[in-house]
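Raw model.txt, compact mmCIF, N, CA and C atoms:
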```
# COMPACT_ATOMS: atom_id res chain seq x y z
N MET Y 566 -79.67 145.73 111.92
CA MET Y 566 -80.49 144.55 112.02
C MET Y 566 -79.77 143.37 111.37
N GLU Y 567 -79.77 142.25 112.03
CA GLU Y 567 -79.11 141.06 111.52
C GLU Y 567 -79.99 140.36 110.49
N GLU Y 568 -79.37 139.96 109.39
CA GLU Y 568 -80.06 139.24 108.32
C GLU Y 568 -79.44 137.86 108.21
N GLU Y 569 -80.13 136.95 107.56
CA GLU Y 569 -79.62 135.60 107.38
C GLU Y 569 -79.82 135.16 105.94
N THR Y 570 -78.86 134.39 105.43
CA THR Y 570 -78.96 133.83 104.09
C THR Y 570 -78.46 132.40 104.13
N THR Y 571 -78.73 131.64 103.08
CA THR Y 571 -78.34 130.23 103.02
C THR Y 571 -77.31 130.03 101.92
N VAL Y 572 -76.33 129.18 102.18
CA VAL Y 572 -75.33 128.83 101.17
C VAL Y 572 -75.89 127.68 100.35
N THR Y 573 -75.92 127.86 99.02
CA THR Y 573 -76.45 126.81 98.13
C THR Y 573 -75.38 125.74 97.88
N ARG Y 574 -75.76 124.68 97.18
CA ARG Y 574 -74.81 123.61 96.90
C ARG Y 574 -73.68 124.07 96.00
N LYS Y 575 -73.86 125.20 95.32
CA LYS Y 575 -72.77 125.77 94.51
C LYS Y 575 -72.03 126.86 95.28
N TYR Y 576 -72.24 126.90 96.59
CA TYR Y 576 -71.58 127.86 97.49
C TYR Y 576 -71.95 129.30 97.17
N GLN Y 577 -73.16 129.51 96.71
CA GLN Y 577 -73.65 130.86 96.42
C GLN Y 577 -74.57 131.31 97.54
N ILE Y 578 -74.66 132.62 97.70
CA ILE Y 578 -75.60 133.19 98.67
C ILE Y 578 -76.43 134.26 97.98
N THR Y 579 -77.60 134.53 98.53
CA THR Y 579 -78.44 135.62 98.05
C THR Y 579 -78.43 136.71 99.11
N LEU Y 580 -78.11 137.93 98.70
CA LEU Y 580 -78.15 139.04 99.65
C LEU Y 580 -79.61 139.42 99.89
N PRO Y 581 -80.00 139.56 101.14
CA PRO Y 581 -81.39 139.94 101.43
C PRO Y 581 -81.76 141.28 100.78
N LYS Y 582 -83.01 141.40 100.37
CA LYS Y 582 -83.50 142.58 99.67
C LYS Y 582 -83.23 143.86 100.45
N ARG Y 583 -83.44 143.83 101.74
CA ARG Y 583 -83.22 145.03 102.57
C ARG Y 583 -81.76 145.50 102.48
N ILE Y 584 -80.82 144.56 102.45
CA ILE Y 584 -79.40 144.90 102.35
C ILE Y 584 -79.10 145.43 100.94
N ARG Y 585 -79.62 144.75 99.91
CA ARG Y 585 -79.39 145.23 98.53
C ARG Y 585 -79.89 146.65 98.35
N ASN Y 586 -81.09 146.91 98.83
CA ASN Y 586 -81.66 148.25 98.70
C ASN Y 586 -80.88 149.28 99.49
N LYS Y 587 -80.49 148.94 100.70
CA LYS Y 587 -79.77 149.88 101.57
C LYS Y 587 -78.47 150.34 100.93
N PHE Y 588 -77.76 149.40 100.27
CA PHE Y 588 -76.46 149.72 99.70
C PHE Y 588 -76.49 149.94 98.20
N GLY Y 589 -77.67 149.88 97.59
CA GLY Y 589 -77.79 150.13 96.16
C GLY Y 589 -77.11 149.08 95.30
N ILE Y 590 -77.11 147.83 95.76
CA ILE Y 590 -76.46 146.75 95.03
C ILE Y 590 -77.37 146.29 93.91
N ARG Y 591 -76.80 146.20 92.71
CA ARG Y 591 -77.57 145.83 91.53
C ARG Y 591 -76.96 144.59 90.87
N ILE Y 592 -77.73 143.96 90.00
CA ILE Y 592 -77.25 142.80 89.26
C ILE Y 592 -75.99 143.18 88.49
N GLY Y 593 -74.99 142.34 88.57
CA GLY Y 593 -73.73 142.59 87.86
C GLY Y 593 -72.70 143.35 88.66
N ASP Y 594 -73.06 143.90 89.81
CA ASP Y 594 -72.09 144.60 90.65
C ASP Y 594 -71.02 143.64 91.12
N LYS Y 595 -69.80 144.11 91.20
CA LYS Y 595 -68.69 143.34 91.75
C LYS Y 595 -68.52 143.74 93.21
N LEU Y 596 -68.54 142.76 94.11
CA LEU Y 596 -68.42 143.04 95.54
C LEU Y 596 -67.14 142.41 96.07
N PRO Y 597 -66.15 143.24 96.44
CA PRO Y 597 -64.91 142.69 96.99
C PRO Y 597 -65.19 141.94 98.31
N ILE Y 598 -64.58 140.75 98.45
CA ILE Y 598 -64.77 139.94 99.66
C ILE Y 598 -63.41 139.69 100.29
N THR Y 599 -63.33 139.94 101.59
CA THR Y 599 -62.11 139.66 102.36
C THR Y 599 -62.51 138.97 103.65
N SER Y 600 -61.52 138.54 104.41
CA SER Y 600 -61.80 137.97 105.73
C SER Y 600 -60.86 138.60 106.74
N LYS Y 601 -61.38 138.74 107.96
CA LYS Y 601 -60.58 139.34 109.03
C LYS Y 601 -61.15 138.88 110.37
N ASP Y 602 -60.30 138.40 111.23
CA ASP Y 602 -60.70 137.97 112.57
C ASP Y 602 -61.86 136.99 112.54
N GLY Y 603 -61.83 136.03 111.64
CA GLY Y 603 -62.86 135.01 111.56
C GLY Y 603 -64.18 135.47 110.98
N LYS Y 604 -64.19 136.66 110.36
CA LYS Y 604 -65.40 137.19 109.75
C LYS Y 604 -65.20 137.33 108.25
N ILE Y 605 -66.27 137.15 107.50
CA ILE Y 605 -66.27 137.40 106.06
C ILE Y 605 -66.79 138.81 105.85
N ILE Y 606 -66.05 139.61 105.11
CA ILE Y 606 -66.42 141.00 104.89
C ILE Y 606 -66.72 141.19 103.41
N ILE Y 607 -67.95 141.59 103.11
CA ILE Y 607 -68.37 141.88 101.73
C ILE Y 607 -68.51 143.38 101.63
N GLU Y 608 -67.73 143.97 100.74
CA GLU Y 608 -67.76 145.43 100.59
C GLU Y 608 -68.59 145.83 99.38
N THR Y 609 -68.93 147.08 99.31
CA THR Y 609 -69.69 147.59 98.17
C THR Y 609 -68.81 148.50 97.32
N GLY Y 610 -67.66 147.97 96.92
CA GLY Y 610 -66.75 148.74 96.07
C GLY Y 610 -67.46 149.13 94.79
N ARG Y 611 -67.81 150.38 94.67
CA ARG Y 611 -68.61 150.85 93.53
C ARG Y 611 -67.70 151.13 92.34
N THR Y 612 -67.76 150.26 91.35
CA THR Y 612 -67.11 150.53 90.08
C THR Y 612 -68.19 150.49 89.02
N VAL Y 613 -68.19 151.48 88.19
CA VAL Y 613 -69.23 151.60 87.18
C VAL Y 613 -68.69 151.07 85.87
N GLN Y 614 -69.29 149.96 85.38
CA GLN Y 614 -68.86 149.36 84.12
C GLN Y 614 -69.39 150.15 82.93
N ASN Y 615 -70.65 150.56 83.00
CA ASN Y 615 -71.29 151.28 81.91
C ASN Y 615 -71.91 152.55 82.49
N PRO Y 616 -71.22 153.69 82.44
CA PRO Y 616 -71.72 154.90 83.06
C PRO Y 616 -73.10 155.33 82.57
N ALA Y 617 -73.37 155.17 81.28
CA ALA Y 617 -74.68 155.58 80.75
C ALA Y 617 -75.79 154.75 81.37
N GLU Y 618 -75.59 153.44 81.46
CA GLU Y 618 -76.61 152.57 82.05
C GLU Y 618 -76.78 152.87 83.54
N TYR Y 619 -75.66 153.11 84.23
CA TYR Y 619 -75.72 153.44 85.65
C TYR Y 619 -76.54 154.71 85.88
N LEU Y 620 -76.25 155.75 85.11
CA LEU Y 620 -76.97 157.01 85.28
C LEU Y 620 -78.44 156.86 84.91
N TRP Y 621 -78.73 156.10 83.87
CA TRP Y 621 -80.11 155.88 83.45
C TRP Y 621 -80.90 155.20 84.58
N ASN Y 622 -80.28 154.22 85.26
CA ASN Y 622 -80.94 153.47 86.32
C ASN Y 622 -81.11 154.25 87.61
N LEU Y 623 -80.47 155.40 87.73
CA LEU Y 623 -80.64 156.22 88.93
C LEU Y 623 -82.03 156.82 89.00
N SER Y 624 -82.64 157.02 87.85
CA SER Y 624 -83.97 157.60 87.79
C SER Y 624 -85.01 156.51 87.96
N GLU Y 625 -85.88 156.68 88.95
CA GLU Y 625 -86.93 155.69 89.17
C GLU Y 625 -88.12 155.96 88.27
N LYS Y 626 -88.26 157.17 87.79
CA LYS Y 626 -89.36 157.53 86.89
C LYS Y 626 -88.84 157.50 85.46
N SER Y 627 -89.68 157.10 84.55
CA SER Y 627 -89.27 157.12 83.15
C SER Y 627 -89.12 158.56 82.69
N THR Y 628 -88.19 158.77 81.79
CA THR Y 628 -87.91 160.10 81.29
C THR Y 628 -88.17 160.11 79.79
N ALA Y 629 -88.91 161.10 79.34
CA ALA Y 629 -89.21 161.21 77.91
C ALA Y 629 -88.02 161.89 77.22
N ILE Y 630 -87.29 161.11 76.44
CA ILE Y 630 -86.14 161.62 75.71
C ILE Y 630 -86.33 161.28 74.24
N ASP Y 631 -86.18 162.29 73.39
CA ASP Y 631 -86.23 162.04 71.95
C ASP Y 631 -84.82 161.62 71.55
N THR Y 632 -84.60 160.33 71.47
CA THR Y 632 -83.25 159.82 71.23
C THR Y 632 -82.70 160.22 69.87
N ILE Y 633 -83.56 160.31 68.87
CA ILE Y 633 -83.10 160.70 67.53
C ILE Y 633 -82.53 162.12 67.57
N LYS Y 634 -83.27 163.04 68.20
CA LYS Y 634 -82.77 164.42 68.32
C LYS Y 634 -81.48 164.47 69.13
N LEU Y 635 -81.42 163.68 70.18
CA LEU Y 635 -80.22 163.65 71.03
C LEU Y 635 -79.01 163.17 70.24
N ILE Y 636 -79.17 162.12 69.45
CA ILE Y 636 -78.07 161.58 68.65
C ILE Y 636 -77.64 162.60 67.60
N LYS Y 637 -78.60 163.21 66.90
CA LYS Y 637 -78.27 164.21 65.87
C LYS Y 637 -77.52 165.39 66.49
N ARG Y 638 -78.00 165.87 67.63
CA ARG Y 638 -77.36 167.00 68.30
C ARG Y 638 -75.94 166.64 68.73
N THR Y 639 -75.77 165.43 69.25
CA THR Y 639 -74.46 164.99 69.70
C THR Y 639 -73.49 164.87 68.53
N ARG Y 640 -73.96 164.32 67.42
CA ARG Y 640 -73.12 164.20 66.23
C ARG Y 640 -72.71 165.56 65.69
N ARG Y 641 -73.68 166.51 65.65
CA ARG Y 641 -73.34 167.86 65.18
C ARG Y 641 -72.24 168.47 66.03
N ARG Y 642 -72.34 168.33 67.34
CA ARG Y 642 -71.33 168.91 68.22
C ARG Y 642 -69.99 168.23 68.06
N ALA Y 643 -70.00 166.92 67.83
CA ALA Y 643 -68.76 166.16 67.71
C ALA Y 643 -68.01 166.50 66.41
N TYR Y 644 -68.76 166.84 65.35
CA TYR Y 644 -68.13 167.06 64.05
C TYR Y 644 -68.02 168.53 63.67
N THR Y 645 -68.29 169.43 64.59
CA THR Y 645 -68.13 170.86 64.28
C THR Y 645 -67.00 171.47 65.03
```

Please lay out the structure from this file as structure tokens.
Amino acid sequence: MEEETTVTRKYQITLPKRIRNKFGIRIGDKLPITSKDGKIIIETGRTVQNPAEYLWNLSEKSTAIDTIKLIKRTRRRAYT
């Protein structure tokens, strides 16, 4: 399905919600842009800047995690 967006005075565009959702594009994502045969190509080159935040955001439901226990357990494993 064809979508349309408008170029702002700062030459910015907003990706339509349907496209963002379809490709899992999130705030802060880097999207490589190239041109070929008179077309602008925006790719979804997935690079994860913060793996913990990325994995946390994959879950749509909140997860009950006792962070204090998790940190203590992680420290014990790291120092033993």

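Here atom CA of Arg585 of chain Y stands at a distance of 18.7 Å from atom CA of Thr573 of chain Y.
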
**OP:** Would you please give, as a PyMOL selection string, all residues of chain Y that DSSP assigns to alpha helix (DSSP H) based on the backbone?
**Re:** chain Y and resi 582-588+616-623+632-643

**OP:** Report the distance between atom CA of Ile606 of chain Y and atom CA of Glu569 of chain Y in Å, rounded to one decimal place.
**Re:**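 Computed distance, atom CA of Ile606 of chain Y to atom CA of Glu569 of chain Y, equals 14.5 Å.
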
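Pairwise distance (atom CA of Glu608 of chain Y, atom CA of Lys595 of chain Y) equals 9.1 Å.
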